[in-house]
file entry_36.csv (CSV, C-alpha atoms)
chain,number,residue,atom,x,y,z
A,12,MET,CA,-23.7,-2.5,-45.4
A,13,SER,CA,-27.1,-4.1,-45.8
A,14,ASP,CA,-29.5,-5.0,-43.1
A,15,VAL,CA,-28.7,-8.7,-43.5
A,16,SER,CA,-25.0,-8.2,-42.8
A,17,TYR,CA,-25.9,-6.0,-39.8
A,18,HIS,CA,-28.0,-8.7,-38.3
A,19,SER,CA,-25.4,-11.4,-38.9
A,20,THR,CA,-22.8,-9.5,-37.0
A,21,THR,CA,-22.1,-11.1,-33.7
A,22,ILE,CA,-22.2,-8.7,-30.8
A,23,GLU,CA,-19.5,-9.1,-28.2
A,24,PRO,CA,-21.1,-9.9,-24.8
A,25,GLU,CA,-20.9,-6.9,-22.5
A,26,ALA,CA,-20.4,-7.4,-18.8
A,27,GLU,CA,-22.9,-6.2,-16.2
A,28,LEU,CA,-21.8,-4.2,-13.2
A,29,GLY,CA,-22.2,-7.3,-11.1
A,30,ASP,CA,-19.6,-9.1,-13.2
A,31,TYR,CA,-17.0,-6.5,-12.3
A,32,PHE,CA,-18.1,-6.7,-8.7
A,33,ALA,CA,-17.5,-10.5,-8.8
A,34,LEU,CA,-13.9,-9.8,-10.0
A,35,LEU,CA,-13.3,-8.2,-6.6
A,36,LYS,CA,-14.0,-11.5,-4.8
A,37,PRO,CA,-16.8,-10.2,-2.5
A,38,ARG,CA,-16.6,-13.1,0.0
A,39,VAL,CA,-12.9,-12.5,0.6
A,40,MET,CA,-13.5,-8.8,0.8
A,41,SER,CA,-16.1,-9.4,3.6
A,42,LEU,CA,-13.5,-11.3,5.6
A,43,VAL,CA,-11.0,-8.6,5.0
A,44,VAL,CA,-13.5,-5.9,6.2
A,45,PHE,CA,-14.3,-7.9,9.3
A,46,THR,CA,-10.8,-8.7,10.4
A,47,ALA,CA,-9.5,-5.1,9.6
A,48,PHE,CA,-12.5,-3.7,11.6
A,49,VAL,CA,-11.7,-6.0,14.5
A,50,GLY,CA,-8.0,-4.9,14.4
A,51,MET,CA,-9.0,-1.3,14.4
A,52,LEU,CA,-11.5,-1.7,17.3
A,53,ALA,CA,-9.1,-3.8,19.4
A,54,ALA,CA,-6.5,-1.0,19.2
A,55,PRO,CA,-6.1,1.2,22.2
A,56,GLN,CA,-6.8,4.4,20.3
A,57,SER,CA,-10.3,5.4,19.1
A,58,VAL,CA,-10.9,6.6,15.5
A,59,ASN,CA,-13.4,9.2,14.2
A,60,PRO,CA,-16.3,7.1,12.8
A,61,VAL,CA,-16.2,8.8,9.4
A,62,ILE,CA,-12.4,8.2,9.1
A,63,ALA,CA,-12.9,4.7,10.3
A,64,PHE,CA,-15.6,3.9,7.8
A,65,ALA,CA,-13.7,5.4,4.9
A,66,SER,CA,-10.4,3.7,5.9
A,67,ILE,CA,-12.0,0.3,6.1
A,68,LEU,CA,-13.7,0.9,2.8
A,69,PHE,CA,-10.4,1.7,1.1
A,70,VAL,CA,-8.8,-1.5,2.6
A,71,ALA,CA,-11.8,-3.4,1.2
A,72,VAL,CA,-11.3,-1.8,-2.2
A,73,GLY,CA,-7.6,-2.7,-2.1
A,74,ALA,CA,-8.4,-6.3,-1.2
A,75,GLY,CA,-10.9,-6.3,-4.1
A,76,ALA,CA,-8.3,-4.9,-6.4
A,77,SER,CA,-5.8,-7.7,-5.5
A,78,GLY,CA,-8.7,-10.2,-6.1
A,79,ALA,CA,-9.2,-8.8,-9.7
A,80,LEU,CA,-5.4,-8.9,-10.4
A,81,ASN,CA,-5.3,-12.5,-9.1
A,82,MET,CA,-8.2,-13.4,-11.5
A,83,TRP,CA,-6.4,-11.7,-14.4
A,84,TRP,CA,-3.2,-13.7,-13.7
A,85,ASP,CA,-4.9,-17.0,-12.9
A,86,ALA,CA,-7.5,-16.9,-15.7
A,87,ASP,CA,-5.9,-20.0,-17.4
A,88,ILE,CA,-6.1,-22.3,-14.4
A,89,ASP,CA,-9.4,-20.8,-13.2
A,90,GLY,CA,-11.0,-22.2,-16.4
A,91,VAL,CA,-9.7,-25.7,-15.7
A,92,MET,CA,-10.8,-25.9,-12.0
A,93,ARG,CA,-14.5,-26.7,-11.3
A,94,ARG,CA,-14.5,-24.4,-8.3
A,95,THR,CA,-13.4,-21.4,-10.3
A,96,ALA,CA,-14.7,-22.1,-13.8
A,97,LYS,CA,-17.7,-19.8,-13.4
A,98,ARG,CA,-15.6,-16.8,-12.5
A,99,PRO,CA,-16.2,-13.8,-14.8
A,100,ILE,CA,-13.1,-14.2,-16.9
A,101,PRO,CA,-13.2,-18.0,-17.7
A,102,SER,CA,-16.9,-17.8,-18.3
A,103,GLY,CA,-16.3,-15.1,-20.9
A,104,ARG,CA,-18.3,-12.2,-19.3
A,105,VAL,CA,-15.2,-10.0,-18.6
A,106,THR,CA,-11.9,-10.0,-20.5
A,107,ALA,CA,-8.6,-10.6,-18.7
A,108,GLY,CA,-7.5,-7.1,-19.9
A,109,GLU,CA,-10.4,-5.4,-18.2
A,110,ALA,CA,-9.7,-7.2,-15.0
A,111,LYS,CA,-6.0,-6.1,-15.1
A,112,VAL,CA,-7.0,-2.4,-15.7
A,113,LEU,CA,-9.6,-2.5,-13.0
A,114,GLY,CA,-7.2,-4.2,-10.6
A,115,PHE,CA,-4.4,-1.8,-11.1
A,116,ALA,CA,-6.6,1.3,-11.1
A,117,LEU,CA,-8.4,0.3,-7.8
A,118,SER,CA,-5.0,-0.7,-6.2
A,119,GLY,CA,-3.6,2.8,-6.9
A,120,LEU,CA,-6.8,4.5,-5.8
A,121,SER,CA,-7.2,2.5,-2.6
A,122,VAL,CA,-3.6,3.0,-1.4
A,123,MET,CA,-3.7,6.7,-2.2
A,124,MET,CA,-7.0,7.2,-0.4
A,125,LEU,CA,-5.9,5.2,2.6
A,126,ALA,CA,-2.8,7.4,3.0
A,127,LEU,CA,-5.1,10.5,3.0
A,128,SER,CA,-7.8,9.1,5.3
A,129,ALA,CA,-5.7,7.2,7.8
A,130,ASN,CA,-1.8,7.4,7.7
A,131,MET,CA,1.1,6.6,5.4
A,132,LEU,CA,2.1,3.4,7.3
A,133,ALA,CA,-1.4,1.9,6.8
A,134,ALA,CA,-1.2,2.8,3.1
A,135,VAL,CA,2.3,1.2,2.7
A,136,LEU,CA,1.0,-1.9,4.4
A,137,LEU,CA,-2.0,-2.1,2.1
A,138,ALA,CA,0.3,-1.6,-1.0
A,139,PHE,CA,2.6,-4.4,0.3
A,140,THR,CA,-0.4,-6.7,0.8
A,141,ILE,CA,-1.5,-6.2,-2.8
A,142,PHE,CA,2.0,-6.7,-4.0
A,143,PHE,CA,2.4,-9.8,-1.8
A,144,TYR,CA,-0.9,-11.4,-3.1
A,145,LEU,CA,-0.2,-10.6,-6.7
A,146,VAL,CA,3.5,-11.1,-7.1
A,147,ILE,CA,4.7,-13.3,-4.3
A,148,TYR,CA,1.6,-15.6,-4.1
A,149,SER,CA,-0.2,-15.5,-7.5
A,150,MET,CA,2.8,-15.1,-9.9
A,151,TRP,CA,5.5,-16.9,-8.0
A,152,LEU,CA,4.6,-19.3,-5.2
A,153,LYS,CA,1.2,-20.7,-6.3
A,154,ARG,CA,2.6,-22.6,-9.3
A,155,ALA,CA,6.1,-23.2,-7.9
A,156,THR,CA,5.9,-24.8,-4.5
A,157,PRO,CA,3.6,-26.9,-2.3
A,158,GLN,CA,4.3,-24.3,0.4
A,159,ASN,CA,2.3,-21.8,-1.8
A,160,ILE,CA,-0.6,-21.3,0.7
A,161,VAL,CA,1.6,-21.4,3.7
A,162,ILE,CA,3.6,-18.3,2.7
A,163,GLY,CA,0.8,-16.9,0.6
A,164,GLY,CA,-1.5,-17.0,3.6
A,165,ALA,CA,0.4,-13.9,4.8
A,166,ALA,CA,-1.5,-11.8,2.3
A,167,GLY,CA,-4.8,-12.6,4.0
A,168,ALA,CA,-3.3,-12.1,7.4
A,169,PHE,CA,-2.4,-8.4,7.0
A,170,PRO,CA,-5.9,-6.8,7.2
A,171,PRO,CA,-6.1,-6.8,11.1
A,172,VAL,CA,-2.6,-5.3,11.2
A,173,ILE,CA,-3.7,-2.6,8.8
A,174,GLY,CA,-6.8,-2.0,11.0
A,175,TRP,CA,-4.6,-1.7,14.0
A,176,VAL,CA,-2.2,0.7,12.2
A,177,ILE,CA,-5.2,2.8,11.0
A,178,ALA,CA,-6.0,3.5,14.7
A,179,THR,CA,-2.6,3.8,16.2
A,180,GLY,CA,-0.2,4.6,13.4
A,181,ALA,CA,2.2,1.9,14.7
A,182,PHE,CA,2.7,-1.8,15.1
A,183,SER,CA,2.3,-3.8,18.3
A,184,ILE,CA,2.5,-7.4,19.5
A,185,GLU,CA,-1.3,-7.8,19.5
A,186,ALA,CA,-1.5,-6.8,15.9
A,187,TRP,CA,1.1,-9.4,14.9
A,188,LEU,CA,-0.7,-12.0,17.0
A,189,MET,CA,-3.8,-11.4,15.0
A,190,PHE,CA,-1.6,-11.7,11.9
A,191,ALA,CA,-0.2,-15.0,13.1
A,192,LEU,CA,-3.7,-16.4,13.9
A,193,ILE,CA,-4.8,-16.0,10.3
A,194,PHE,CA,-1.4,-17.0,8.9
A,195,MET,CA,-1.3,-20.3,10.9
A,196,TRP,CA,-5.0,-21.0,10.2
A,197,THR,CA,-4.7,-20.7,6.4
A,198,PRO,CA,-2.8,-23.9,5.7
A,199,PRO,CA,-5.2,-26.4,7.5
A,200,HIS,CA,-8.2,-24.5,6.0
A,201,PHE,CA,-7.0,-24.8,2.4
A,202,TRP,CA,-5.5,-28.3,2.7
A,203,ALA,CA,-8.8,-29.6,4.0
A,204,LEU,CA,-10.4,-28.0,0.9
A,205,ALA,CA,-7.7,-29.6,-1.3
A,206,LEU,CA,-8.5,-33.0,0.2
A,207,PHE,CA,-12.1,-33.0,-0.9
A,208,MET,CA,-11.8,-30.9,-4.1
A,209,ARG,CA,-10.0,-34.0,-5.4
A,210,SER,CA,-9.0,-33.5,-9.0
A,211,ASP,CA,-9.2,-29.7,-9.3
A,212,TYR,CA,-5.6,-28.9,-8.4
A,213,ASP,CA,-4.3,-32.0,-10.3
A,214,ASP,CA,-6.1,-30.8,-13.4
A,215,ALA,CA,-4.8,-27.3,-13.1
A,216,GLN,CA,-1.3,-28.6,-12.3
A,217,VAL,CA,-1.1,-26.4,-9.2
A,218,PRO,CA,1.5,-28.0,-6.9
A,219,MET,CA,-0.8,-28.3,-3.8
A,220,LEU,CA,0.5,-30.5,-1.1
A,221,THR,CA,-2.0,-33.2,-2.0
A,222,VAL,CA,-0.5,-33.3,-5.5
A,223,THR,CA,3.2,-33.2,-4.6
A,224,HIS,CA,3.4,-35.1,-1.3
A,225,GLY,CA,0.2,-37.1,-1.4
A,226,ARG,CA,-2.9,-37.2,0.8
A,227,LYS,CA,-1.4,-39.0,3.7
A,228,ALA,CA,1.3,-36.3,4.1
A,229,THR,CA,-1.4,-33.6,3.7
A,230,ARG,CA,-3.4,-35.1,6.6
A,231,ALA,CA,-0.3,-35.1,8.8
A,232,HIS,CA,0.5,-31.4,7.8
A,233,ILE,CA,-3.1,-30.4,8.8
A,234,LEU,CA,-2.6,-31.9,12.2
A,235,VAL,CA,0.9,-30.3,12.8
A,236,TYR,CA,-0.3,-26.8,11.7
A,237,THR,CA,-3.4,-27.2,13.9
A,238,VAL,CA,-1.3,-28.0,16.9
A,239,LEU,CA,0.9,-25.0,16.2
A,240,LEU,CA,-2.2,-22.8,15.8
A,241,VAL,CA,-3.7,-24.0,19.1
A,242,GLY,CA,-0.4,-23.2,20.8
A,243,LEU,CA,-0.4,-19.7,19.3
A,244,VAL,CA,-3.9,-19.0,20.4
A,245,ALA,CA,-3.1,-20.2,23.9
A,246,GLY,CA,-0.1,-17.7,23.9
A,247,ALA,CA,-2.4,-14.9,22.6
A,248,GLY,CA,-4.6,-15.5,25.7
A,249,PHE,CA,-1.8,-14.1,27.9
A,250,THR,CA,-1.7,-10.8,26.0
A,251,SER,CA,-4.3,-8.0,26.1
A,252,LEU,CA,-6.2,-9.9,23.4
A,253,GLY,CA,-7.1,-12.5,26.0
A,254,GLY,CA,-10.3,-11.0,27.3
A,255,PRO,CA,-12.9,-13.2,28.9
A,256,VAL,CA,-14.9,-13.7,25.7
A,257,PHE,CA,-11.8,-14.6,23.8
A,258,LEU,CA,-10.6,-17.1,26.4
A,259,ALA,CA,-14.0,-18.8,26.5
A,260,ALA,CA,-14.4,-19.0,22.7
A,261,ALA,CA,-10.8,-20.1,22.3
A,262,ALA,CA,-11.2,-22.9,24.8
A,263,VAL,CA,-14.2,-24.4,23.0
A,264,LEU,CA,-13.1,-23.8,19.4
A,265,ASN,CA,-9.5,-25.1,19.8
A,266,VAL,CA,-10.7,-28.4,21.4
A,267,LEU,CA,-13.1,-28.9,18.4
A,268,PHE,CA,-10.5,-27.9,15.8
A,269,LEU,CA,-7.8,-30.1,17.3
A,270,LYS,CA,-10.3,-33.0,17.4
A,271,GLY,CA,-11.2,-32.4,13.8
A,272,ALA,CA,-7.5,-32.3,12.7
A,273,PHE,CA,-6.9,-35.5,14.7
A,274,ASP,CA,-9.8,-37.2,13.0
A,275,ILE,CA,-8.5,-36.2,9.5
A,276,TRP,CA,-5.1,-37.5,10.4
A,277,ARG,CA,-6.5,-40.9,11.5
A,278,ARG,CA,-8.4,-41.5,8.3
A,279,ASP,CA,-7.1,-42.9,5.0
A,280,GLU,CA,-8.4,-42.3,1.5
A,281,ALA,CA,-10.5,-45.4,1.4
A,282,GLN,CA,-12.5,-44.3,4.5
A,283,ALA,CA,-12.7,-40.7,3.2
A,284,GLU,CA,-14.0,-41.8,-0.2
A,285,ALA,CA,-16.5,-44.2,1.4
A,286,ASP,CA,-18.3,-41.4,3.2
A,287,ASP,CA,-17.6,-38.7,0.6
A,288,TYR,CA,-15.1,-36.8,2.7
A,289,THR,CA,-17.6,-36.0,5.5
A,290,VAL,CA,-14.9,-35.4,8.1
A,291,GLU,CA,-12.8,-33.2,5.8
A,292,LYS,CA,-15.8,-31.1,4.7
A,293,SER,CA,-17.0,-30.6,8.3
A,294,PHE,CA,-13.4,-29.6,9.3
A,295,PHE,CA,-13.4,-27.1,6.5
A,296,LYS,CA,-16.7,-25.6,7.6
A,297,LEU,CA,-15.5,-25.5,11.2
A,298,SER,CA,-12.4,-23.7,10.1
A,299,LEU,CA,-14.5,-20.8,8.8
A,300,TRP,CA,-16.4,-20.6,12.1
A,301,TYR,CA,-13.1,-20.9,14.0
A,302,LEU,CA,-11.6,-17.8,12.4
A,303,PHE,CA,-14.9,-15.8,12.5
A,304,LEU,CA,-15.6,-16.6,16.1
A,305,HIS,CA,-12.0,-15.9,17.3
A,306,PHE,CA,-12.2,-12.4,15.7
A,307,GLY,CA,-15.8,-12.0,16.9
A,308,ALA,CA,-14.5,-12.7,20.4
A,309,ILE,CA,-11.7,-10.1,20.1
A,310,LEU,CA,-14.3,-7.6,18.9
A,311,ALA,CA,-16.7,-8.5,21.8
A,312,ASP,CA,-14.0,-8.0,24.4
A,313,ALA,CA,-13.0,-4.7,22.8
A,314,VAL,CA,-16.6,-3.5,22.9
A,315,LEU,CA,-17.3,-4.8,26.4
A,316,MET,CA,-14.0,-3.6,28.0
A,317,PRO,CA,-15.2,0.0,28.8
A,318,PHE,CA,-18.2,-1.4,30.6
A,319,VAL,CA,-16.1,-3.9,32.6
A,320,VAL,CA,-13.8,-1.0,33.6
A,321,MET,CA,-16.8,1.1,34.6
A,322,LEU,CA,-18.2,-1.6,36.8
A,323,THR,CA,-14.9,-2.4,38.6
B,276,MET,CA,-43.9,1.4,-35.8
B,277,SER,CA,-40.5,2.3,-34.5
B,278,LEU,CA,-37.6,0.7,-36.1
B,279,ARG,CA,-35.5,1.1,-32.9
B,280,VAL,CA,-35.9,-2.1,-30.9
B,281,GLU,CA,-34.0,-1.9,-27.6
B,282,HIS,CA,-31.5,-4.6,-27.6
B,283,ASP,CA,-30.6,-6.5,-24.4
B,284,LEU,CA,-27.1,-5.0,-24.7
B,285,HIS,CA,-28.5,-1.5,-24.3
B,286,LYS,CA,-30.3,-2.5,-21.2
B,287,ARG,CA,-27.1,-3.9,-19.7
B,288,ARG,CA,-25.2,-0.9,-20.8
B,289,ARG,CA,-27.7,1.5,-19.1
B,290,GLY,CA,-27.6,-0.6,-15.9
B,291,ARG,CA,-23.8,-0.4,-15.9
B,292,ASN,CA,-23.7,3.3,-16.5
B,293,THR,CA,-26.3,4.0,-13.7
B,294,GLY,CA,-24.2,1.9,-11.4
B,295,VAL,CA,-20.9,3.7,-12.2
B,296,GLY,CA,-22.7,7.0,-11.8
B,297,LEU,CA,-24.0,6.0,-8.3
B,298,ILE,CA,-20.6,4.8,-7.2
B,299,LEU,CA,-19.0,8.1,-8.4
B,300,GLY,CA,-21.7,10.1,-6.6
B,301,ALA,CA,-21.1,8.1,-3.4
B,302,PHE,CA,-17.4,8.7,-3.7
B,303,VAL,CA,-17.9,12.4,-3.9
B,304,VAL,CA,-20.1,12.3,-0.8
B,305,LEU,CA,-17.5,10.2,1.0
B,306,ILE,CA,-14.7,12.6,0.2
B,307,LEU,CA,-16.8,15.5,1.4
B,308,ALA,CA,-17.6,13.7,4.7
B,309,LEU,CA,-13.9,12.8,5.1
B,310,THR,CA,-12.8,16.4,4.5
B,311,VAL,CA,-15.3,17.7,7.1
B,312,ALA,CA,-14.2,15.0,9.6
B,313,LYS,CA,-10.5,15.8,9.1
B,314,VAL,CA,-10.9,19.5,9.3
B,315,THR,CA,-13.1,19.4,12.5
B,316,SER,CA,-11.0,16.8,14.2
B,317,GLY,CA,-8.0,19.2,14.3
B,318,ASP,CA,-5.7,17.3,11.9
B,319,PHE,CA,-5.2,20.4,9.8
B,320,GLU,CA,-5.0,23.0,12.5
B,321,LEU,CA,-2.3,25.6,11.8
B,322,PRO,CA,0.3,25.9,14.5
B,323,SER,CA,-0.4,28.9,16.8
B,324,ILE,CA,1.8,31.9,16.2
B,325,GLU,CA,3.1,33.5,19.4
B,326,GLU,CA,2.8,37.2,19.8
B,327,GLY,CA,5.8,39.3,19.0
B,328,GLN,CA,7.1,36.9,16.3
call {"tool": "encode", "arguments": {"input": "entry_36.csv", "output": "structure tokens"}}
result
Amino acid sequence: MSDVSYHSTTIEPEAELGDYFALLKPRVMSLVVFTAFVGMLAAPQSVNPVIAFASILFVAVGAGASGALNMWWDADIDGVMRRTAKRPIPSGRVTAGEAKVLGFALSGLSVMMLALSANMLAAVLLAFTIFFYLVIYSMWLKRATPQNIVIGGAAGAFPPVIGWVIATGAFSIEAWLMFALIFMWTPPHFWALALFMRSDYDDAQVPMLTVTHGRKATRAHILVYTVLLVGLVAGAGFTSLGGPVFLAAAAVLNVLFLKGAFDIWRRDEAQAEADDYTVEKSFFKLSLWYLFLHFGAILADAVLMPFVVMLT
Amino acid sequence: MSLRVEHDLHKRRRGRNTGVGLILGAFVVLILALTVAKVTSGDFELPSIEEGQ
């Protein structure tokens, strides 16, 4: 082979470590770490700090693995949608095969390590979460039904339950209430996003509610789910989750969230287009704060409780 | 003059290898810490054998 032919050979682009890290959906991972951590601290049993750190890390790795597997499966539609076109696979930095191998390897590793560091029930729950996100949500529901994110939202709702089980080795009503909080929050959060990411889901032919039932119906769905969510949070206030910080935060956040959902429901497309979906965008931003602050309040109550008991 | 010009690809590959090495090193340290925590917290204590058995 001559020098000329050597130089004319095209070299396959090789991914950097950061590209593989991007496959793990770091932002989703941070939410998983936070909610699992809150679930673990809200539980009545304390955990050795090293075991706690390792267990939460393995939950995060498991969540990252399911993110990589989701990117492998959805590479075709990710390339079509503006929001996801820059992900490592559609942009050509990582191959779909690499994502698949990384996803399966990290799934196995995280489940096995969680069984060793915490307990078998937590590991089974993590394995089920990965299975649910990949098979039930990504492979089946996402492209089949407008209820995709309603049922698929369960995958994102498991981490606080896993955190609770890491500490106690068993389920409880409080753990399932935290599950229900994320589960009921997911639909209004994603439907608000679908309202202002107008053509993305149409282009990718993903049957989001906005595509199958129209925008007016989506607005009504956001309001209905928000009302149900507010009712659920009010109910949670009567359990051991309902500490003073939680009750104060929930009172403010739920009034704001309900008002946001009502404003979305009142508007039509002409109004939304006229102001570039300001109300929908601010509701979406509020929804992120809504979840973060509710779990932050549960955490604050769990941390403050020993001091309250000491003072009384 | 050296004929070996370092290609951008080699730089990226070195960065990746260093990263994987560090992750594996951290994993080993984590397993060690986890083992110490498990052993000292009594998870693996042998059941006491009563005298005469």
call {"tool": "atom_distance", "arguments": {"input": "entry_36.csv", "atom1": "atom CA of A:Ala129", "atom2": "atom CA of A:Ser66"}}
result
6.2 Å
call {"tool": "interface_residues", "arguments": {"input": "entry_36.csv", "of": "chain A", "to": "chain B", "cutoff": "8 Å", "atoms": "all atoms listed in the file", "output": "number ranges by chain"}}
result
A: 24-28, 59, 61-62, 65, 128
call {"tool": "residues_around", "arguments": {"input": "entry_36.csv", "residues": "A:Lys111", "least_positions_apart": "4", "cutoff": "7 Å", "atoms": "all atoms listed in the file", "output": "short mmCIF file (atom, residue, chain, number, x, y, z; two decimals) with C-alpha atoms, in the coordinates of the input"}}
result
data_model
loop_
_atom_site.label_atom_id
_atom_site.label_comp_id
_atom_site.auth_asym_id
_atom_site.auth_seq_id
_atom_site.Cartn_x
_atom_site.Cartn_y
_atom_site.Cartn_z
CA ALA A 79 -9.20 -8.80 -9.70
CA LEU A 80 -5.40 -8.90 -10.40
CA TRP A 83 -6.40 -11.70 -14.40
CA ALA A 107 -8.60 -10.60 -18.70
CA PHE A 115 -4.40 -1.80 -11.10
#
call {"tool": "atom_distance", "arguments": {"input": "entry_36.csv", "atom1": "atom CA of A:Asp89", "atom2": "atom CA of A:Ala165"}}
result
21.6 Å
call {"tool": "atom_distance", "arguments": {"input": "entry_36.csv", "atom1": "atom CA of A:Thr197", "atom2": "atom CA of A:Ile160"}}
result
7.0 Å
call {"tool": "closest_residue", "arguments": {"input": "entry_36.csv", "among": "A:Ala285, A:Val263, A:Met40, A:Leu204", "to": "A:Gly167", "atoms": "all atoms listed in the file"}}
result
A:Met40
call {"tool": "residues_around", "arguments": {"input": "entry_36.csv", "residues": "A:Ser149", "least_positions_apart": "5", "cutoff": "10 Å", "atoms": "all atoms listed in the file", "output": "MDAnalysis selection string"}}
result
chainID A and resid 77 80:82 84:85 142:144 154:155 159 163
call {"tool": "closest_residue", "arguments": {"input": "entry_36.csv", "among": "A:Ile173, A:Leu315, A:Val290, A:Leu34", "to": "A:Ile67", "atoms": "all atoms listed in the file"}}
result
A:Ile173
